[in-house]
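structure-v6.pdb, holding PDB, C-alpha atoms:
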ATOM      1  CA  MET Z  18     -78.814 -63.298 103.239
ATOM      2  CA  PHE Z  19     -75.408 -62.662 102.038
ATOM      3  CA  SER Z  20     -73.225 -59.605 101.541
ATOM      4  CA  LEU Z  21     -70.924 -58.725  98.629
ATOM      5  CA  GLN Z  22     -67.260 -58.209  99.460
ATOM      6  CA  THR Z  23     -64.898 -56.154  97.285
ATOM      7  CA  ASN Z  24     -62.432 -59.003  97.134
ATOM      8  CA  LEU Z  25     -64.948 -61.481  95.916
ATOM      9  CA  PHE Z  26     -63.909 -60.880  92.345
ATOM     10  CA  PRO Z  27     -60.464 -59.389  92.612
ATOM     11  CA  SER Z  28     -59.377 -56.962  89.736
ATOM     12  CA  PRO Z  29     -56.464 -58.086  87.616
ATOM     13  CA  MET Z  30     -53.137 -56.320  88.375
ATOM     14  CA  LEU Z  31     -50.880 -54.957  85.602
ATOM     15  CA  THR Z  32     -47.258 -55.865  85.898
ATOM     16  CA  PRO Z  33     -44.914 -53.323  84.213
ATOM     17  CA  GLN Z  34     -42.532 -54.848  81.637
ATOM     18  CA  SER Z  35     -39.114 -53.446  80.735
ATOM     19  CA  SER Z  36     -38.792 -52.087  77.064
ATOM     20  CA  THR Z  37     -36.038 -53.452  74.744
ATOM     21  CA  LYS Z  38     -35.834 -50.151  72.651
ATOM     22  CA  THR Z  39     -33.404 -47.457  73.869
ATOM     23  CA  LEU Z  40     -34.147 -43.840  72.965
ATOM     24  CA  PRO Z  41     -31.125 -41.739  71.770
ATOM     25  CA  THR Z  42     -29.678 -39.410  74.263
ATOM     26  CA  THR Z  43     -29.224 -35.664  73.645
ATOM     27  CA  THR Z  44     -25.411 -36.060  73.386
ATOM     28  CA  THR Z  45     -25.697 -38.653  70.609
ATOM     29  CA  VAL Z  46     -28.066 -36.520  68.544
ATOM     30  CA  THR Z  47     -25.852 -33.465  68.882
ATOM     31  CA  ALA Z  48     -22.742 -35.393  67.750
ATOM     32  CA  THR Z  49     -24.535 -36.755  64.690
ATOM     33  CA  VAL Z  50     -25.809 -33.347  63.638
ATOM     34  CA  THR Z  51     -22.365 -31.815  64.166
ATOM     35  CA  LYS Z  52     -20.758 -34.540  62.036
ATOM     36  CA  ARG Z  53     -23.209 -33.994  59.206
ATOM     37  CA  ARG Z  54     -22.687 -30.245  59.338
ATOM     38  CA  ALA Z  55     -18.925 -30.796  59.200
ATOM     39  CA  ILE Z  56     -19.287 -33.010  56.128
ATOM     40  CA  VAL Z  57     -21.480 -30.416  54.397
ATOM     41  CA  PHE Z  58     -19.109 -27.604  55.366
ATOM     42  CA  ASN Z  59     -16.021 -29.478  54.145
ATOM     43  CA  SER Z  60     -17.785 -30.335  50.888
ATOM     44  CA  SER Z  61     -18.611 -26.657  50.447
ATOM     45  CA  LEU Z  62     -14.963 -25.761  51.034
ATOM     46  CA  VAL Z  63     -13.837 -28.261  48.393
ATOM     47  CA  VAL Z  64     -16.323 -26.895  45.855
ATOM     48  CA  ALA Z  65     -15.394 -23.303  46.703
ATOM     49  CA  SER Z  66     -11.666 -24.103  46.402
ATOM     50  CA  TRP Z  67     -12.188 -25.785  43.045
ATOM     51  CA  LEU Z  68     -14.219 -22.857  41.737
ATOM     52  CA  ASN Z  69     -11.614 -20.419  43.008
ATOM     53  CA  LEU Z  70      -8.789 -22.409  41.386
ATOM     54  CA  ARG Z  71     -10.733 -22.540  38.153
ATOM     55  CA  ASN Z  72     -11.275 -18.790  38.220
ATOM     56  CA  LEU Z  73      -7.609 -18.160  38.991
ATOM     57  CA  THR Z  74      -6.505 -20.456  36.157
ATOM     58  CA  SER Z  75      -8.899 -18.765  33.755
ATOM     59  CA  SER Z  76      -7.753 -15.320  34.904
ATOM     60  CA  HIS Z  77      -4.066 -16.266  34.581
ATOM     61  CA  SER Z  78      -4.645 -17.721  31.116
ATOM     62  CA  GLN Z  79      -6.432 -14.559  30.010
ATOM     63  CA  GLN Z  80      -3.626 -12.434  31.426
ATOM     64  CA  LEU Z  81      -1.037 -14.423  29.452
ATOM     65  CA  GLN Z  82      -3.099 -14.049  26.289
ATOM     66  CA  ASP Z  83      -3.375 -10.306  26.862
ATOM     67  CA  GLU Z  84       0.380 -10.008  27.401
ATOM     68  CA  LEU Z  85       1.137 -12.007  24.245
ATOM     69  CA  GLN Z  86      -1.299  -9.867  22.286
ATOM     70  CA  GLN Z  87       0.354  -6.703  23.591
ATOM     71  CA  GLN Z  88       3.789  -8.004  22.585
ATOM     72  CA  GLU Z  89       2.517  -8.896  19.138
ATOM     73  CA  ASP Z  90       0.834  -5.520  18.687
ATOM     74  CA  HIS Z  91       4.036  -3.774  19.785
ATOM     75  CA  LEU Z  92       6.108  -5.713  17.247
ATOM     76  CA  VAL Z  93       3.661  -4.932  14.451
ATOM     77  CA  GLN Z  94       3.738  -1.235  15.364
ATOM     78  CA  LEU Z  95       7.538  -1.318  15.584
ATOM     79  CA  PHE Z  96       7.796  -2.674  12.048
ATOM     80  CA  GLN Z  97       5.215  -0.285  10.634
ATOM     81  CA  GLU Z  98       7.005   2.732  12.099
ATOM     82  CA  THR Z  99      10.538   1.646  11.151
ATOM     83  CA  SER Z 100      10.229  -0.077   7.768
ATOM     84  CA  PRO Z 101       9.589   3.150   5.776
ATOM     85  CA  SER Z 102      13.120   4.215   6.733
ATOM     86  CA  VAL Z 103      14.676   1.037   5.284
ATOM     87  CA  VAL Z 104      15.682   0.977   1.621
ATOM     88  CA  SER Z 105      16.510  -1.709  -0.901
ATOM     89  CA  ILE Z 106      19.665  -1.350  -3.009
ATOM     90  CA  GLN Z 107      20.434  -2.979  -6.338
ATOM     91  CA  ASP Z 108      23.994  -3.197  -7.613
ATOM     92  CA  ILE Z 109      23.637  -2.806 -11.389
ATOM     93  CA  GLU Z 110      26.034  -3.103 -14.283
ATOM     94  CA  LEU Z 111      24.893  -1.326 -17.441
ATOM     95  CA  ALA Z 112      25.417  -2.845 -20.842
ATOM     96  CA  LYS Z 113      28.254  -1.261 -22.780
ATOM     97  CA  ASP Z 114      26.875   0.649 -25.726
ATOM     98  CA  PRO Z 115      29.169   0.397 -28.770
ATOM     99  CA  LYS Z 116      27.491   3.538 -30.149
ATOM    100  CA  ASN Z 117      28.582   5.447 -27.073
ATOM    101  CA  PRO Z 118      32.396   5.364 -27.001
ATOM    102  CA  SER Z 119      32.514   7.666 -23.990
ATOM    103  CA  ASN Z 120      30.694   5.010 -21.919
ATOM    104  CA  VAL Z 121      28.464   7.680 -20.404
ATOM    105  CA  ALA Z 122      25.569   5.385 -19.567
ATOM    106  CA  VAL Z 123      22.252   6.331 -18.037
ATOM    107  CA  LEU Z 124      20.444   4.208 -15.447
ATOM    108  CA  ASP Z 125      16.997   3.304 -16.689
ATOM    109  CA  ASP Z 126      14.870   0.217 -17.143
ATOM    110  CA  ASP Z 127      17.029  -1.076 -19.953
ATOM    111  CA  GLU Z 128      16.630  -4.832 -20.260
ATOM    112  CA  ASP Z 129      20.350  -5.175 -20.876
ATOM    113  CA  ALA Z 130      21.198  -3.843 -17.410
ATOM    114  CA  LYS Z 131      22.395  -6.606 -15.150
ATOM    115  CA  VAL Z 132      21.559  -6.766 -11.432
ATOM    116  CA  GLU Z 133      24.729  -8.121  -9.862
ATOM    117  CA  GLY Z 134      23.646  -8.004  -6.232
ATOM    118  CA  THR Z 135      21.186  -6.644  -3.734
ATOM    119  CA  GLY Z 136      21.512  -5.119  -0.305
ATOM    120  CA  SER Z 137      19.811  -2.917   2.240
ATOM    121  CA  GLY Z 138      20.319   0.482   3.771
ATOM    122  CA  PHE Z 139      18.488   3.088   5.811
ATOM    123  CA  VAL Z 140      17.625   6.766   5.566
ATOM    124  CA  TRP Z 141      20.103   8.820   7.576
ATOM    125  CA  ASP Z 142      18.540  12.258   7.108
ATOM    126  CA  LYS Z 143      15.783  14.058   5.201
ATOM    127  CA  PHE Z 144      18.280  15.232   2.563
ATOM    128  CA  GLY Z 145      18.557  11.797   0.987
ATOM    129  CA  HIS Z 146      21.687  10.351   2.566
ATOM    130  CA  ILE Z 147      21.547   6.563   2.775
ATOM    131  CA  VAL Z 148      23.811   4.480   5.029
ATOM    132  CA  THR Z 149      24.746   0.974   3.955
ATOM    133  CA  ASN Z 150      27.669  -1.467   4.000
ATOM    134  CA  TYR Z 151      30.722  -0.763   1.900
ATOM    135  CA  HIS Z 152      30.698  -4.283   0.501
ATOM    136  CA  VAL Z 153      27.176  -3.650  -0.895
ATOM    137  CA  VAL Z 154      28.461  -0.808  -3.102
ATOM    138  CA  ALA Z 155      32.121  -1.826  -3.442
ATOM    139  CA  LYS Z 156      31.858  -2.230  -7.221
ATOM    140  CA  LEU Z 157      30.483   1.286  -7.568
ATOM    141  CA  ALA Z 158      33.134   2.678  -5.231
ATOM    142  CA  THR Z 159      35.954   1.114  -7.230
ATOM    143  CA  ASP Z 160      34.401   1.378 -10.705
ATOM    144  CA  THR Z 161      36.663   2.513 -13.524
ATOM    145  CA  SER Z 162      34.442   1.508 -16.435
ATOM    146  CA  GLY Z 163      31.663   3.989 -15.746
ATOM    147  CA  LEU Z 164      29.076   1.230 -16.058
ATOM    148  CA  GLN Z 165      28.395   0.506 -12.393
ATOM    149  CA  ARG Z 166      25.282   1.957 -10.839
ATOM    150  CA  CYS Z 167      23.231   1.660  -7.651
ATOM    151  CA  LYS Z 168      19.461   1.820  -7.727
ATOM    152  CA  VAL Z 169      17.781   2.677  -4.434
ATOM    153  CA  PHE Z 170      14.137   1.843  -3.705
ATOM    154  CA  LEU Z 171      12.458   4.021  -1.076
ATOM    155  CA  VAL Z 172       9.094   4.774   0.517
ATOM    156  CA  ASP Z 173       8.055   8.333   1.310
ATOM    157  CA  ALA Z 174       6.155   9.524   4.382
ATOM    158  CA  LYS Z 175       2.835   8.975   2.569
ATOM    159  CA  GLY Z 176       3.631   5.380   1.698
ATOM    160  CA  ASN Z 177       4.442   6.036  -1.965
ATOM    161  CA  ARG Z 178       7.195   3.852  -3.401
ATOM    162  CA  PHE Z 179       9.793   5.330  -5.728
ATOM    163  CA  SER Z 180      13.325   4.639  -6.890
ATOM    164  CA  ARG Z 181      16.353   6.791  -7.545
ATOM    165  CA  GLU Z 182      19.929   6.333  -8.587
ATOM    166  CA  GLY Z 183      22.268   6.378  -5.619
ATOM    167  CA  LYS Z 184      25.463   8.389  -5.915
ATOM    168  CA  ILE Z 185      28.272   7.391  -3.607
ATOM    169  CA  VAL Z 186      29.556  10.284  -1.484
ATOM    170  CA  GLY Z 187      31.854   8.489   0.933
ATOM    171  CA  PHE Z 188      32.985   5.105   2.193
ATOM    172  CA  ASP Z 189      35.073   3.503   4.917
ATOM    173  CA  PRO Z 190      36.153  -0.085   4.148
ATOM    174  CA  SER Z 191      37.771  -0.441   7.571
ATOM    175  CA  TYR Z 192      34.312  -0.313   9.164
ATOM    176  CA  ASP Z 193      32.419  -1.656   6.127
ATOM    177  CA  LEU Z 194      30.401   1.570   5.839
ATOM    178  CA  ALA Z 195      29.308   3.680   2.887
ATOM    179  CA  VAL Z 196      26.994   6.625   2.281
ATOM    180  CA  LEU Z 197      24.878   7.124  -0.831
ATOM    181  CA  LYS Z 198      22.979  10.249  -1.853
ATOM    182  CA  VAL Z 199      19.660  10.123  -3.697
ATOM    183  CA  ASP Z 200      17.574  12.942  -5.144
ATOM    184  CA  VAL Z 201      14.430  13.214  -3.015
ATOM    185  CA  ASP Z 202      13.044  16.464  -4.412
ATOM    186  CA  GLY Z 203       9.259  16.351  -4.152
ATOM    187  CA  TYR Z 204       9.320  13.548  -1.587
ATOM    188  CA  GLU Z 205       9.339  13.583   2.186
ATOM    189  CA  ILE Z 206      11.362  10.693   3.556
ATOM    190  CA  LYS Z 207      11.608   9.427   7.106
ATOM    191  CA  PRO Z 208      15.058   9.124   8.738
ATOM    192  CA  VAL Z 209      15.651   6.371  11.282
ATOM    193  CA  LEU Z 210      15.805   6.978  15.014
ATOM    194  CA  LEU Z 211      19.375   6.550  16.203
ATOM    195  CA  GLY Z 212      20.059   4.755  19.468
ATOM    196  CA  GLU Z 213      23.158   3.789  21.429
ATOM    197  CA  SER Z 214      25.099   0.553  21.429
ATOM    198  CA  LYS Z 215      27.295   1.174  24.463
ATOM    199  CA  ASN Z 216      24.499   0.305  26.897
ATOM    200  CA  LEU Z 217      23.320  -2.869  25.169
ATOM    201  CA  LEU Z 218      23.061  -6.018  27.282
ATOM    202  CA  VAL Z 219      23.178  -9.644  26.238
ATOM    203  CA  GLY Z 220      19.642 -10.977  26.230
ATOM    204  CA  GLN Z 221      17.959  -7.796  25.001
ATOM    205  CA  SER Z 222      15.486  -8.201  22.167
ATOM    206  CA  CYS Z 223      16.572  -6.932  18.769
ATOM    207  CA  PHE Z 224      15.117  -6.933  15.276
ATOM    208  CA  ALA Z 225      16.593  -6.855  11.782
ATOM    209  CA  ILE Z 226      14.807  -5.294   8.820
ATOM    210  CA  GLY Z 227      16.136  -5.738   5.318
ATOM    211  CA  ASN Z 228      15.789  -7.400   1.940
ATOM    212  CA  PRO Z 229      17.183 -10.953   2.139
ATOM    213  CA  TYR Z 230      17.448 -12.582  -1.286
ATOM    214  CA  GLY Z 231      15.575  -9.600  -2.722
ATOM    215  CA  TYR Z 232      12.478 -10.005  -0.524
ATOM    216  CA  GLU Z 233      11.847  -6.424   0.524
ATOM    217  CA  ASN Z 234      10.870  -5.337   4.030
ATOM    218  CA  THR Z 235      11.594  -8.598   5.796
ATOM    219  CA  LEU Z 236      11.549  -8.595   9.594
ATOM    220  CA  THR Z 237      13.490 -11.101  11.675
ATOM    221  CA  THR Z 238      13.603 -11.234  15.458
ATOM    222  CA  GLY Z 239      16.150 -12.338  18.020
ATOM    223  CA  VAL Z 240      18.264 -11.238  20.935
ATOM    224  CA  VAL Z 241      21.658  -9.697  21.500
ATOM    225  CA  SER Z 242      23.743 -12.877  21.734
ATOM    226  CA  GLY Z 243      27.106 -11.303  22.432
ATOM    227  CA  LEU Z 244      29.012  -8.020  22.557
ATOM    228  CA  GLY Z 245      32.518  -6.846  21.759
ATOM    229  CA  ARG Z 246      33.037  -9.342  18.943
ATOM    230  CA  GLU Z 247      35.745  -8.991  16.313
ATOM    231  CA  ILE Z 248      34.936  -9.626  12.649
ATOM    232  CA  PRO Z 249      36.965  -9.133   9.438
ATOM    233  CA  SER Z 250      36.537  -5.941   7.437
ATOM    234  CA  PRO Z 251      36.558  -5.678   3.615
ATOM    235  CA  ASN Z 252      40.058  -4.155   3.616
ATOM    236  CA  GLY Z 253      41.527  -7.089   5.544
ATOM    237  CA  GLY Z 254      41.538  -5.432   8.943
ATOM    238  CA  ALA Z 255      39.302  -6.106  11.925
ATOM    239  CA  ILE Z 256      36.060  -4.496  13.034
ATOM    240  CA  ARG Z 257      36.069  -4.500  16.824
ATOM    241  CA  GLY Z 258      33.107  -4.167  19.135
ATOM    242  CA  ALA Z 259      30.649  -5.878  16.784
ATOM    243  CA  ILE Z 260      27.237  -6.955  18.061
ATOM    244  CA  GLN Z 261      26.378 -10.639  17.797
ATOM    245  CA  THR Z 262      22.737 -11.608  17.329
ATOM    246  CA  ASP Z 263      20.638 -14.621  16.415
ATOM    247  CA  ALA Z 264      18.184 -12.476  14.447
ATOM    248  CA  ALA Z 265      18.480 -13.959  10.961
ATOM    249  CA  ILE Z 266      20.760 -12.021   8.615
ATOM    250  CA  ASN Z 267      21.103 -13.381   5.091
ATOM    251  CA  ALA Z 268      22.340 -12.228   1.702
ATOM    252  CA  GLY Z 269      20.547  -8.954   0.981
ATOM    253  CA  ASN Z 270      20.223  -7.987   4.661
ATOM    254  CA  SER Z 271      23.637  -6.304   4.601
ATOM    255  CA  GLY Z 272      23.448  -2.588   5.331
ATOM    256  CA  GLY Z 273      20.029  -2.761   6.967
ATOM    257  CA  PRO Z 274      19.358  -1.626  10.532
ATOM    258  CA  LEU Z 275      19.415  -3.682  13.708
ATOM    259  CA  ILE Z 276      16.878  -2.049  16.018
ATOM    260  CA  ASP Z 277      15.944  -2.356  19.683
ATOM    261  CA  SER Z 278      12.501  -2.667  21.277
ATOM    262  CA  HIS Z 279      12.014   1.111  21.066
ATOM    263  CA  GLY Z 280      12.664   1.254  17.322
ATOM    264  CA  HIS Z 281      16.104   2.838  17.701
ATOM    265  CA  VAL Z 282      18.902   1.700  15.414
ATOM    266  CA  VAL Z 283      21.657   0.063  17.486
ATOM    267  CA  GLY Z 284      23.671  -1.485  14.663
ATOM    268  CA  VAL Z 285      24.183  -1.997  10.934
ATOM    269  CA  ASN Z 286      23.749  -5.617   9.867
ATOM    270  CA  THR Z 287      26.876  -6.717   8.087
ATOM    271  CA  ALA Z 288      27.884 -10.378   8.316
ATOM    272  CA  THR Z 289      26.863 -13.923   9.139
ATOM    273  CA  PHE Z 290      28.597 -17.248   9.557
ATOM    274  CA  THR Z 291      27.205 -19.725   7.062
ATOM    275  CA  ARG Z 292      27.132 -23.499   7.137
ATOM    276  CA  LYS Z 293      29.833 -24.767   4.836
ATOM    277  CA  GLY Z 294      28.522 -25.555   1.398
ATOM    278  CA  SER Z 295      24.961 -24.468   2.172
ATOM    279  CA  GLY Z 296      25.056 -20.685   2.226
ATOM    280  CA  ALA Z 297      22.446 -20.820   4.983
ATOM    281  CA  SER Z 298      22.754 -18.711   8.101
ATOM    282  CA  SER Z 299      24.094 -20.499  11.144
ATOM    283  CA  GLY Z 300      22.354 -18.147  13.565
ATOM    284  CA  VAL Z 301      25.637 -16.395  14.374
ATOM    285  CA  ASN Z 302      25.219 -12.934  12.876
ATOM    286  CA  PHE Z 303      26.937  -9.603  13.364
ATOM    287  CA  ALA Z 304      26.201  -5.884  13.208
ATOM    288  CA  ILE Z 305      28.444  -2.836  13.351
ATOM    289  CA  PRO Z 306      27.669  -0.911  16.573
ATOM    290  CA  ILE Z 307      25.779   2.306  15.933
ATOM    291  CA  ASP Z 308      28.174   4.311  18.130
ATOM    292  CA  SER Z 309      30.928   3.642  15.572
ATOM    293  CA  VAL Z 310      28.568   4.526  12.725
ATOM    294  CA  ILE Z 311      27.612   7.853  14.321
ATOM    295  CA  ARG Z 312      31.289   8.783  14.642
ATOM    296  CA  SER Z 313      32.102   7.894  11.028
ATOM    297  CA  VAL Z 314      29.105   8.867   8.875
ATOM    298  CA  PRO Z 315      29.272  12.682   9.289
ATOM    299  CA  TYR Z 316      32.866  12.641   8.017
ATOM    300  CA  LEU Z 317      31.863  10.455   5.079
ATOM    301  CA  ILE Z 318      29.078  12.884   4.164
ATOM    302  CA  VAL Z 319      31.244  16.008   4.421
ATOM    303  CA  TYR Z 320      34.651  14.735   3.302
ATOM    304  CA  GLY Z 321      33.996  11.395   1.630
ATOM    305  CA  THR Z 322      36.551   9.690   3.811
ATOM    306  CA  PRO Z 323      36.613   8.560   7.431
ATOM    307  CA  TYR Z 324      38.082  10.612  10.237
ATOM    308  CA  SER Z 325      41.164   8.379  10.458
ATOM    309  CA  ASN Z 326      42.144   9.253   6.865
ATOM    310  CA  ARG Z 327      42.099  12.984   7.471
ATOM    311  CA  PHE Z 328      44.734  13.224  10.188
TER     312      PHE Z 328
END

With the file now loaded, output its structure as structure tokens.
Amino acid sequence: MFSLQTNLFPSPMLTPQSSTKTLPTTTTVTATVTKRRAIVFNSSLVVASWLNLRNLTSSHSQQLQDELQQQEDHLVQLFQETSPSVVSIQDIELAKDPKNPSNVAVLDDDEDAKVEGTGSGFVWDKFGHIVTNYHVVAKLATDTSGLQRCKVFLVDAKGNRFSREGKIVGFDPSYDLAVLKVDVDGYEIKPVLLGESKNLLVGQSCFAIGNPYGYENTLTTGVVSGLGREIPSPNGGAIRGAIQTDAAINAGNSGGPLIDSHGHVVGVNTATFTRKGSGASSGVNFAIPIDSVIRSVPYLIVYGTPYSNRF
């Protein structure tokens, strides 16, 4: 007989082996997640900054366009409101009629009439007084033949164009100023708005309206380039306190208004320096200050002569 013992067939024993793979710790996982979140966050900031910059650039560009449009609209309105007060003047010499020994000529559309020059002026009041430069109407002012005439082209308040003969009522060569009178019966005309020249500053915007080379209602823009200038007058003296501007003033602009940004007349365009031999404007132009005009014109209208000649 025999007996079975538990150790007769001993059971195999498992020996634990060490693993070569290391599991990530909690600290490592947290750092990785944080780093990825930081990258995503920073990328979002970059995108947001770019979008914001783009919006700001677009907004700034639109603002500039709006401002430019406003400036342009203002200039258009300024011209539309002021130009009806500006007139064109033709200096005309009538043909001598041998059948009319008295030389009493009538201004009409006679083909023999000769246009000797053109200029500008502006409506001073609703009664038909027109202010211009003396040198524009000098031939009429000194005429002894009876053949000199001035034809004035105007626009009434309704936009209707008409022309009338201008009669000279007064002039002041020392300030290169003259006043014409036209018959405006049946028409309503628009006088200019008068400003002041004593408070002008260099750098202010200014605008000239006139008829250069016969092209009516021409607008040129510029700035007040200088103040207190001295320019020669038609009688050989000096006009002091003249306004210098780079707004183009050419032949035919003489007598027209120099206006400010509010549409107020601050000067009477009168002279320009030209490039020798070219006749072209050099950009150095001058206007008689309106303060001097306001002092002189009422005396020219009432007495025909300036204040200085009466006392």

ask   = Expanded to explicit residues, what is the PyMOL selection byres ((chain Z and resi 191-196) around 6) for this file, as an NGL selection string?
value = :Z and (147-151 or 186-190 or 197 or 250 or 252 or 256)

inquiry  = For a test of reading the model, state the distance in Å between atom CA of Z:Tyr204 and atom CA of Z:Ser102, rounded to one decimal.
reply    = 13.1 Å

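The two atoms in question, atom CA of Z:Phe179 and atom CA of Z:Leu275, are spaced 23.5 Å apart.
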
inquiry  = Measuring between only C-alpha atoms, which one of Z:Thr238, Z:Ala112, Z:Gly253, Z:Asn228 shows the shortest distance to Z:Ser162?
reply    =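 Looking at the shortest contact to Z:Ser162, the residue is Z:Ala112.
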
request  = Can you pull out every residue within 12 Å of Z:Gly136, counting only C-alpha atoms, but drop anything in the same chain fewer than 4 positions away, and send it as a PyMOL selection string?
outcome  = chain Z and resi 103-109+132+148-155+167-170+226-234+266-274+285-288

Run the PyMOL selection byres ((chain Z and resi 279) around 12) on the file and write out the hits as a compact mmCIF listing (two decimals) with C-alpha atoms, in the coordinates of the input.
# COMPACT_ATOMS: atom_id res chain seq x y z
CA HIS Z 91 4.04 -3.77 19.78
CA LEU Z 92 6.11 -5.71 17.25
CA GLN Z 94 3.74 -1.24 15.36
CA LEU Z 95 7.54 -1.32 15.58
CA PHE Z 96 7.80 -2.67 12.05
CA GLU Z 98 7.00 2.73 12.10
CA THR Z 99 10.54 1.65 11.15
CA VAL Z 209 15.65 6.37 11.28
CA LEU Z 210 15.80 6.98 15.01
CA LEU Z 211 19.38 6.55 16.20
CA GLY Z 212 20.06 4.76 19.47
CA GLU Z 213 23.16 3.79 21.43
CA GLN Z 221 17.96 -7.80 25.00
CA SER Z 222 15.49 -8.20 22.17
CA CYS Z 223 16.57 -6.93 18.77
CA PHE Z 224 15.12 -6.93 15.28
CA LEU Z 275 19.42 -3.68 13.71
CA ILE Z 276 16.88 -2.05 16.02
CA ASP Z 277 15.94 -2.36 19.68
CA SER Z 278 12.50 -2.67 21.28
CA GLY Z 280 12.66 1.25 17.32
CA HIS Z 281 16.10 2.84 17.70
CA VAL Z 282 18.90 1.70 15.41
CA VAL Z 283 21.66 0.06 17.49

inquiry  = To one decimal place in Å, what is the distance between atom CA of Z:Asn216 and atom CA of Z:Gly300?
reply    =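 Going from atom CA of Z:Asn216 over to atom CA of Z:Gly300 covers 22.9 Å.
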
message = I'd like to know which of Z:Gly220, Z:Gly183, Z:Gly138, Z:Gly176 is closest to Z:Ile260, using only C-alpha atoms.
response = Z:Gly220

ask   = So which one's closest to Z:Leu244, Z:Pro208, Z:Thr161, Z:Ile305, Z:Lys198? Using only C-alpha atoms, please.
value =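 The closest residue to Z:Leu244 is Z:Ile305.
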
ask   = Between Z:Val201, Z:Val241, Z:Leu85, Z:Ala158, which has the minimum distance to Z:Leu171 (counting all atoms listed in the file)?
value = Z:Val201

query = Closest to Z:Ala304 among Z:Ala225, Z:Ile318, Z:Arg71, Z:Thr291, using only C-alpha atoms?
reply =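 Ranked by minimum distance to Z:Ala304, first place goes to Z:Ala225.
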
inquiry  = Show me, as a list in words, the residues that have an atom within 9 Å of Z:Gly245 when counting only C-alpha atoms, minus same-chain residues fewer than 5 positions from it.
reply    = Arg257, Gly258, Ala259, Ile260 and Gln261 of chain Z
